[in-house]
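Trainee: Contents are TSV, N, CA, C and O atoms; file name work.tsv:
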```
chain	number	residue	atom	x	y	z
W	1	GLU	N	88.21	-16.77	40.33
W	1	GLU	CA	89.12	-15.66	40.18
W	1	GLU	C	89.44	-15.12	41.56
W	1	GLU	O	88.58	-14.94	42.40
W	2	LEU	N	90.69	-14.84	41.79
W	2	LEU	CA	91.14	-14.31	43.07
W	2	LEU	C	91.68	-12.90	42.85
W	2	LEU	O	92.50	-12.68	41.95
W	3	ILE	N	91.15	-11.96	43.61
W	3	ILE	CA	91.66	-10.59	43.51
W	3	ILE	C	92.07	-10.12	44.89
W	3	ILE	O	91.59	-10.61	45.91
W	4	GLN	N	92.97	-9.17	44.92
W	4	GLN	CA	93.43	-8.59	46.17
W	4	GLN	C	93.01	-7.13	46.18
W	4	GLN	O	93.26	-6.39	45.22
W	5	VAL	N	92.33	-6.73	47.26
W	5	VAL	CA	91.88	-5.34	47.38
W	5	VAL	C	92.22	-4.83	48.77
W	5	VAL	O	92.35	-5.60	49.72
W	6	LEU	N	92.33	-3.53	48.88
W	6	LEU	CA	92.52	-2.92	50.18
W	6	LEU	C	91.18	-2.90	50.90
W	6	LEU	O	90.13	-2.76	50.27
W	7	ILE	N	91.20	-3.03	52.21
W	7	ILE	CA	89.96	-3.15	52.98
W	7	ILE	C	89.03	-1.95	52.76
W	7	ILE	O	87.82	-2.11	52.69
W	8	HIS	N	89.58	-0.75	52.60
W	8	HIS	CA	88.72	0.43	52.42
W	8	HIS	C	88.11	0.50	51.02
W	8	HIS	O	87.25	1.34	50.77
W	9	THR	N	88.50	-0.40	50.12
W	9	THR	CA	87.91	-0.43	48.78
W	9	THR	C	87.00	-1.64	48.58
W	9	THR	O	86.46	-1.84	47.50
W	10	LEU	N	86.80	-2.42	49.62
W	10	LEU	CA	86.07	-3.68	49.52
W	10	LEU	C	84.65	-3.52	48.98
W	10	LEU	O	84.22	-4.26	48.10
W	11	ALA	N	83.91	-2.55	49.49
W	11	ALA	CA	82.52	-2.35	49.03
W	11	ALA	C	82.48	-2.05	47.53
W	11	ALA	O	81.62	-2.57	46.81
W	12	PHE	N	83.42	-1.26	47.06
W	12	PHE	CA	83.45	-0.88	45.65
W	12	PHE	C	83.90	-2.05	44.77
W	12	PHE	O	83.37	-2.27	43.68
W	13	ALA	N	84.86	-2.82	45.27
W	13	ALA	CA	85.31	-4.00	44.54
W	13	ALA	C	84.18	-5.03	44.45
W	13	ALA	O	83.99	-5.67	43.41
W	14	HIS	N	83.40	-5.17	45.51
W	14	HIS	CA	82.26	-6.10	45.50
W	14	HIS	C	81.27	-5.75	44.40
W	14	HIS	O	80.75	-6.62	43.72
W	15	ILE	N	80.98	-4.46	44.27
W	15	ILE	CA	80.03	-4.03	43.23
W	15	ILE	C	80.53	-4.48	41.87
W	15	ILE	O	79.77	-5.00	41.05
W	16	GLN	N	81.81	-4.31	41.63
W	16	GLN	CA	82.39	-4.65	40.34
W	16	GLN	C	82.43	-6.16	40.13
W	16	GLN	O	82.05	-6.67	39.08
W	17	VAL	N	82.88	-6.90	41.13
W	17	VAL	CA	83.11	-8.34	40.99
W	17	VAL	C	81.83	-9.15	41.10
W	17	VAL	O	81.66	-10.14	40.39
W	18	GLU	N	80.92	-8.74	41.97
W	18	GLU	CA	79.71	-9.52	42.23
W	18	GLU	C	78.69	-9.42	41.11
W	18	GLU	O	77.73	-10.17	41.09
W	19	ASN	N	78.86	-8.46	40.21
W	19	ASN	CA	77.84	-8.23	39.20
W	19	ASN	C	78.27	-8.74	37.84
W	19	ASN	O	79.24	-8.27	37.27
W	20	SER	N	77.52	-9.68	37.34
W	20	SER	CA	77.76	-10.12	35.97
W	20	SER	C	77.00	-9.22	35.00
W	20	SER	O	77.20	-9.30	33.80
W	21	ASP	N	76.18	-8.34	35.55
W	21	ASP	CA	75.38	-7.43	34.73
W	21	ASP	C	76.13	-6.12	34.54
W	21	ASP	O	76.08	-5.22	35.37
W	22	ILE	N	76.85	-6.02	33.44
W	22	ILE	CA	77.64	-4.82	33.16
W	22	ILE	C	76.74	-3.59	33.03
W	22	ILE	O	77.15	-2.48	33.34
W	23	GLU	N	75.50	-3.80	32.61
W	23	GLU	CA	74.56	-2.69	32.48
W	23	GLU	C	74.29	-2.03	33.83
W	23	GLU	O	74.19	-0.81	33.92
W	24	LEU	N	74.18	-2.82	34.89
W	24	LEU	CA	73.97	-2.26	36.22
W	24	LEU	C	75.18	-1.43	36.64
W	24	LEU	O	75.03	-0.33	37.16
W	25	ILE	N	76.36	-1.93	36.40
W	25	ILE	CA	77.57	-1.19	36.76
W	25	ILE	C	77.62	0.14	36.00
W	25	ILE	O	77.90	1.18	36.59
W	26	LEU	N	77.30	0.10	34.72
W	26	LEU	CA	77.28	1.33	33.94
W	26	LEU	C	76.23	2.31	34.44
W	26	LEU	O	76.46	3.52	34.50
W	27	ARG	N	75.06	1.79	34.80
W	27	ARG	CA	74.00	2.66	35.34
W	27	ARG	C	74.44	3.32	36.64
W	27	ARG	O	74.19	4.52	36.86
W	28	LEU	N	75.11	2.55	37.51
W	28	LEU	CA	75.61	3.13	38.76
W	28	LEU	C	76.66	4.20	38.48
W	28	LEU	O	76.67	5.26	39.12
W	29	ARG	N	77.54	3.95	37.53
W	29	ARG	CA	78.58	4.93	37.21
W	29	ARG	C	77.99	6.20	36.61
W	29	ARG	O	78.40	7.31	36.95
W	30	LEU	N	77.00	6.04	35.73
W	30	LEU	CA	76.34	7.22	35.15
W	30	LEU	C	75.58	8.01	36.21
W	30	LEU	O	75.59	9.24	36.21
W	31	LEU	N	74.92	7.30	37.11
W	31	LEU	CA	74.22	7.96	38.20
W	31	LEU	C	75.20	8.74	39.08
W	31	LEU	O	74.95	9.88	39.44
W	32	ALA	N	76.33	8.11	39.38
W	32	ALA	CA	77.36	8.79	40.17
W	32	ALA	C	77.83	10.06	39.46
W	32	ALA	O	77.93	11.12	40.09
W	33	GLU	N	78.08	9.96	38.17
W	33	GLU	CA	78.52	11.13	37.41
W	33	GLU	C	77.48	12.24	37.44
W	33	GLU	O	77.82	13.42	37.57
W	34	SER	N	76.20	11.87	37.33
W	34	SER	CA	75.14	12.89	37.34
W	34	SER	C	75.05	13.60	38.68
W	34	SER	O	74.51	14.69	38.76
W	35	LYS	N	75.59	12.98	39.72
W	35	LYS	CA	75.56	13.58	41.06
W	35	LYS	C	76.91	14.19	41.44
W	35	LYS	O	77.12	14.57	42.58
W	36	GLY	N	77.82	14.24	40.47
W	36	GLY	CA	79.11	14.88	40.73
W	36	GLY	C	80.17	13.97	41.31
W	36	GLY	O	81.12	14.44	41.94
W	37	TYR	N	80.04	12.67	41.11
W	37	TYR	CA	81.00	11.69	41.62
W	37	TYR	C	81.62	10.89	40.47
W	37	TYR	O	81.10	10.90	39.35
W	38	ARG	N	82.67	10.18	40.80
W	38	ARG	CA	83.25	9.17	39.91
W	38	ARG	C	83.26	7.86	40.70
W	38	ARG	O	83.74	7.81	41.82
W	39	LEU	N	82.71	6.80	40.11
W	39	LEU	CA	82.65	5.49	40.75
W	39	LEU	C	83.49	4.52	39.95
W	39	LEU	O	83.36	4.42	38.73
W	40	ASP	N	84.37	3.80	40.65
W	40	ASP	CA	85.10	2.71	40.03
W	40	ASP	C	85.32	1.63	41.08
W	40	ASP	O	84.77	1.72	42.18
W	41	ASP	N	86.13	0.64	40.77
W	41	ASP	CA	86.30	-0.47	41.70
W	41	ASP	C	87.20	-0.13	42.89
W	41	ASP	O	87.38	-0.95	43.78
W	42	THR	N	87.73	1.09	42.94
W	42	THR	CA	88.56	1.49	44.07
W	42	THR	C	87.88	2.52	44.96
W	42	THR	O	88.41	2.84	46.03
W	43	GLY	N	86.72	3.05	44.55
W	43	GLY	CA	86.05	4.00	45.41
W	43	GLY	C	85.03	4.86	44.72
W	43	GLY	O	84.81	4.77	43.51
W	44	LEU	N	84.42	5.73	45.52
W	44	LEU	CA	83.48	6.73	45.04
W	44	LEU	C	84.13	8.07	45.38
W	44	LEU	O	84.36	8.38	46.55
W	45	PHE	N	84.46	8.82	44.35
W	45	PHE	CA	85.23	10.04	44.50
W	45	PHE	C	84.40	11.24	44.04
W	45	PHE	O	83.61	11.12	43.11
W	46	LEU	N	84.62	12.38	44.67
W	46	LEU	CA	84.05	13.61	44.14
W	46	LEU	C	84.72	13.87	42.79
W	46	LEU	O	85.92	13.70	42.66
W	47	ALA	N	83.93	14.23	41.81
W	47	ALA	CA	84.49	14.55	40.50
W	47	ALA	C	85.19	15.90	40.62
W	47	ALA	O	84.72	16.80	41.30
W	48	ALA	N	86.32	16.00	39.98
W	48	ALA	CA	87.09	17.23	40.01
W	48	ALA	C	87.42	17.63	38.58
W	48	ALA	O	87.34	16.82	37.67
W	49	GLN	N	87.78	18.86	38.40
W	49	GLN	CA	88.20	19.32	37.09
W	49	GLN	C	89.71	19.11	36.98
W	49	GLN	O	90.45	19.39	37.91
W	50	SER	N	90.14	18.59	35.85
W	50	SER	CA	91.57	18.42	35.62
W	50	SER	C	92.19	19.77	35.30
W	50	SER	O	91.50	20.77	35.09
W	51	SER	N	93.49	19.81	35.24
W	51	SER	CA	94.18	21.06	34.93
W	51	SER	C	93.85	21.55	33.52
W	51	SER	O	94.04	22.71	33.21
W	52	HIS	N	93.35	20.66	32.67
W	52	HIS	CA	92.96	21.03	31.31
W	52	HIS	C	91.49	21.38	31.22
W	52	HIS	O	90.95	21.55	30.14
W	53	GLY	N	90.81	21.46	32.39
W	53	GLY	CA	89.40	21.81	32.42
W	53	GLY	C	88.47	20.66	32.13
W	53	GLY	O	87.27	20.84	32.04
W	54	LYS	N	89.02	19.47	31.99
W	54	LYS	CA	88.19	18.30	31.70
W	54	LYS	C	87.44	17.88	32.96
W	54	LYS	O	88.04	17.60	33.98
W	55	ARG	N	86.13	17.84	32.88
W	55	ARG	CA	85.31	17.40	34.01
W	55	ARG	C	85.39	15.89	34.11
W	55	ARG	O	85.47	15.19	33.12
W	56	GLY	N	85.38	15.39	35.30
W	56	GLY	CA	85.34	13.96	35.49
W	56	GLY	C	86.60	13.36	36.07
W	56	GLY	O	86.62	12.20	36.41
W	57	ALA	N	87.65	14.14	36.16
W	57	ALA	CA	88.81	13.64	36.88
W	57	ALA	C	88.36	13.37	38.31
W	57	ALA	O	87.40	13.97	38.78
W	58	LYS	N	89.02	12.47	39.00
W	58	LYS	CA	88.55	12.15	40.35
W	58	LYS	C	89.44	12.75	41.42
W	58	LYS	O	90.64	12.89	41.23
W	59	ALA	N	88.83	13.11	42.53
W	59	ALA	CA	89.57	13.60	43.68
W	59	ALA	C	90.43	12.45	44.21
W	59	ALA	O	90.21	11.29	43.90
W	60	SER	N	91.40	12.78	45.01
W	60	SER	CA	92.34	11.75	45.46
W	60	SER	C	91.81	10.89	46.61
W	60	SER	O	92.32	9.81	46.85
W	61	THR	N	90.78	11.34	47.29
W	61	THR	CA	90.26	10.60	48.44
W	61	THR	C	88.84	10.12	48.17
W	61	THR	O	87.98	10.89	47.76
W	62	SER	N	88.63	8.83	48.41
W	62	SER	CA	87.31	8.23	48.21
W	62	SER	C	86.39	8.55	49.39
W	62	SER	O	86.84	8.69	50.52
W	63	ILE	N	85.11	8.63	49.08
W	63	ILE	CA	84.10	8.76	50.13
W	63	ILE	C	84.01	7.41	50.84
W	63	ILE	O	83.99	6.37	50.20
W	64	HIS	N	83.96	7.44	52.15
W	64	HIS	CA	83.99	6.21	52.93
W	64	HIS	C	82.65	5.48	52.89
W	64	HIS	O	81.62	6.04	53.27
W	65	CYS	N	82.67	4.27	52.39
W	65	CYS	CA	81.50	3.37	52.42
W	65	CYS	C	82.02	1.99	52.81
W	65	CYS	O	82.95	1.48	52.18
W	66	GLN	N	81.41	1.39	53.82
W	66	GLN	CA	81.85	0.07	54.26
W	66	GLN	C	81.15	-1.06	53.53
W	66	GLN	O	81.68	-2.16	53.47
W	67	THR	N	79.97	-0.80	53.01
W	67	THR	CA	79.20	-1.87	52.37
W	67	THR	C	78.67	-1.40	51.01
W	67	THR	O	78.56	-0.20	50.76
W	68	GLU	N	78.33	-2.37	50.20
W	68	GLU	CA	77.70	-2.07	48.91
W	68	GLU	C	76.41	-1.29	49.13
W	68	GLU	O	76.11	-0.35	48.39
W	69	ARG	N	75.67	-1.67	50.13
W	69	ARG	CA	74.40	-1.01	50.41
W	69	ARG	C	74.61	0.48	50.66
W	69	ARG	O	73.82	1.32	50.22
W	70	GLU	N	75.66	0.84	51.37
W	70	GLU	CA	75.97	2.25	51.63
W	70	GLU	C	76.25	2.99	50.32
W	70	GLU	O	75.85	4.14	50.17
W	71	VAL	N	76.91	2.33	49.39
W	71	VAL	CA	77.18	2.95	48.08
W	71	VAL	C	75.86	3.19	47.34
W	71	VAL	O	75.61	4.28	46.84
W	72	PHE	N	75.02	2.16	47.30
W	72	PHE	CA	73.72	2.29	46.64
W	72	PHE	C	72.91	3.42	47.29
W	72	PHE	O	72.33	4.25	46.60
W	73	ASP	N	72.87	3.45	48.62
W	73	ASP	CA	72.11	4.48	49.34
W	73	ASP	C	72.64	5.88	49.05
W	73	ASP	O	71.86	6.81	48.81
W	74	LEU	N	73.95	6.03	49.07
W	74	LEU	CA	74.55	7.33	48.82
W	74	LEU	C	74.20	7.84	47.43
W	74	LEU	O	73.95	9.02	47.23
W	75	LEU	N	74.12	6.92	46.47
W	75	LEU	CA	73.78	7.31	45.10
W	75	LEU	C	72.27	7.43	44.89
W	75	LEU	O	71.83	7.90	43.84
W	76	GLY	N	71.46	6.98	45.87
W	76	GLY	CA	70.02	7.03	45.72
W	76	GLY	C	69.49	5.96	44.79
W	76	GLY	O	68.44	6.12	44.18
W	77	PHE	N	70.22	4.84	44.70
W	77	PHE	CA	69.82	3.73	43.83
W	77	PHE	C	69.19	2.65	44.70
W	77	PHE	O	69.72	2.34	45.77
W	78	PRO	N	68.07	2.07	44.29
W	78	PRO	CA	67.43	1.04	45.12
W	78	PRO	C	68.37	-0.14	45.36
W	78	PRO	O	69.04	-0.62	44.45
W	79	TRP	N	68.43	-0.57	46.61
W	79	TRP	CA	69.28	-1.70	46.98
W	79	TRP	C	68.77	-2.97	46.34
W	79	TRP	O	67.57	-3.26	46.39
W	80	LEU	N	69.66	-3.70	45.73
W	80	LEU	CA	69.33	-5.00	45.15
W	80	LEU	C	70.27	-6.04	45.75
W	80	LEU	O	71.49	-5.84	45.76
W	81	GLU	N	69.71	-7.11	46.26
W	81	GLU	CA	70.55	-8.20	46.74
W	81	GLU	C	71.38	-8.70	45.54
W	81	GLU	O	70.90	-8.68	44.41
W	82	PRO	N	72.61	-9.15	45.79
W	82	PRO	CA	73.46	-9.58	44.67
W	82	PRO	C	72.81	-10.61	43.74
W	82	PRO	O	72.96	-10.51	42.53
W	83	HIS	N	72.03	-11.52	44.27
W	83	HIS	CA	71.40	-12.54	43.41
W	83	HIS	C	70.25	-11.99	42.58
W	83	HIS	O	69.74	-12.68	41.69
W	84	LYS	N	69.85	-10.74	42.83
W	84	LYS	CA	68.76	-10.13	42.06
W	84	LYS	C	69.28	-9.06	41.10
W	84	LYS	O	68.49	-8.32	40.53
W	85	ARG	N	70.57	-9.00	40.89
W	85	ARG	CA	71.16	-7.91	40.11
W	85	ARG	C	71.25	-8.16	38.62
W	85	ARG	O	71.62	-7.28	37.88
W	86	ASN	N	70.95	-9.30	38.14
W	86	ASN	CA	70.99	-9.54	36.70
W	86	ASN	C	69.69	-9.04	36.10
W	86	ASN	O	68.72	-9.76	35.99
W	87	LEU	N	69.70	-7.77	35.77
W	87	LEU	CA	68.48	-7.11	35.30
W	87	LEU	C	68.15	-7.58	33.94
W	87	LEU	O	68.16	-7.32	32.96
```
What does the file become when written as structure tokens?

Mentor:
Amino acid sequence: ELIQVLIHTLAFAHIQVENSDIELILRLRLLAESKGYRLDDTGLFLAAQSSHGKRGAKASTSIHCQTEREVFDLLGFPWLEPHKRNL
């Protein structure tokens, strides 16, 4: 599979694409939410309130992370090499 991503979203796209373990991705997203963030394949965003008061809308600017490891560290999740991620 070939995907095209912007360079500033590469770390986040890697997390999504490199993991065949959907459970790990969900755990990372839930952890991000518990810390006030939104995580997807385009970035890690501060969670914001929508105009309707719905929590979980994302801010327009992603927190800068160059590597997957930086994302894991920022979330306080133990770093796992990609080949060890199928929990």

Trainee: If we count all atoms listed in the file and set the cut-off at 8 Å, which residues sit around W:Leu75, ignoring sequence neighbours fewer than 5 positions away in its own chain? Please answer as a PDB file with N, CA, C and O atoms, in the coordinates of the input.

Mentor:
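This went into out.pdb:
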```pdb
ATOM      1  N   LEU W  28      75.110   2.550  37.510  1.00  0.00           N
ATOM      2  CA  LEU W  28      75.610   3.130  38.760  1.00  0.00           C
ATOM      3  C   LEU W  28      76.660   4.200  38.480  1.00  0.00           C
ATOM      4  O   LEU W  28      76.670   5.260  39.120  1.00  0.00           O
ATOM      5  N   LEU W  31      74.920   7.300  37.110  1.00  0.00           N
ATOM      6  CA  LEU W  31      74.220   7.960  38.200  1.00  0.00           C
ATOM      7  C   LEU W  31      75.200   8.740  39.080  1.00  0.00           C
ATOM      8  O   LEU W  31      74.950   9.880  39.440  1.00  0.00           O
ATOM      9  N   ALA W  32      76.330   8.110  39.380  1.00  0.00           N
ATOM     10  CA  ALA W  32      77.360   8.790  40.170  1.00  0.00           C
ATOM     11  C   ALA W  32      77.830  10.060  39.460  1.00  0.00           C
ATOM     12  O   ALA W  32      77.930  11.120  40.090  1.00  0.00           O
ATOM     13  N   LYS W  35      75.590  12.980  39.720  1.00  0.00           N
ATOM     14  CA  LYS W  35      75.560  13.580  41.060  1.00  0.00           C
ATOM     15  C   LYS W  35      76.910  14.190  41.440  1.00  0.00           C
ATOM     16  O   LYS W  35      77.120  14.570  42.580  1.00  0.00           O
ATOM     17  N   GLU W  68      78.330  -2.370  50.200  1.00  0.00           N
ATOM     18  CA  GLU W  68      77.700  -2.070  48.910  1.00  0.00           C
ATOM     19  C   GLU W  68      76.410  -1.290  49.130  1.00  0.00           C
ATOM     20  O   GLU W  68      76.110  -0.350  48.390  1.00  0.00           O
ATOM     21  N   ARG W  69      75.670  -1.670  50.130  1.00  0.00           N
ATOM     22  CA  ARG W  69      74.400  -1.010  50.410  1.00  0.00           C
ATOM     23  C   ARG W  69      74.610   0.480  50.660  1.00  0.00           C
ATOM     24  O   ARG W  69      73.820   1.320  50.220  1.00  0.00           O
ATOM     25  N   GLU W  70      75.660   0.840  51.370  1.00  0.00           N
ATOM     26  CA  GLU W  70      75.970   2.250  51.630  1.00  0.00           C
ATOM     27  C   GLU W  70      76.250   2.990  50.320  1.00  0.00           C
ATOM     28  O   GLU W  70      75.850   4.140  50.170  1.00  0.00           O
TER      29      GLU W  70
END
```

Trainee: Calculated over all atoms listed in the file, which of the candidates W:Pro82, W:Ala13, W:Leu26, W:Leu74 has the smallest distance to W:Asp40?

Mentor: W:Ala13

Trainee: Using only C-alpha atoms, which of the listed residues (W:Leu24, W:Arg38, W:Gln16, W:Thr61) sits closest to W:Phe77?

Mentor: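 Going through W:Leu24, W:Arg38, W:Gln16, W:Thr61 one by one, the smallest distance to W:Phe77 is for W:Leu24.
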
Trainee: Report, in Å with one decimal, the straight-line distance from atom N of W:Thr42 to atom CA of W:Arg85.

Mentor: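 That distance, rounded to one decimal, is 19.1 Å.
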
Trainee: What does the distance between atom CA of W:Ala47 and atom C of W:Arg29 come to in Å, to one decimal place?

Mentor: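 Distance reported for this atom pair: 11.3 Å.
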
Trainee: In Å, rounded to a single decimal, give me how far atom O of W:Ala11 is from atom O of W:Gln66.

Mentor: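 Atom-to-atom, atom O of W:Gln66 and atom O of W:Ala11 are spaced 6.7 Å apart.
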
Trainee: Return as lines of an AutoDock Vina configuration file the centre and edge lengths, in Å with one decimal, of the box along x, y and z that encloses every atom of stretch 64-67 of chain W in the file, padded by 6 Å per side.

Mentor:
```
center_x = 81.3
center_y = 2.6
center_z = 52.5
size_x = 17.4
size_y = 21.6
size_z = 15.5
```
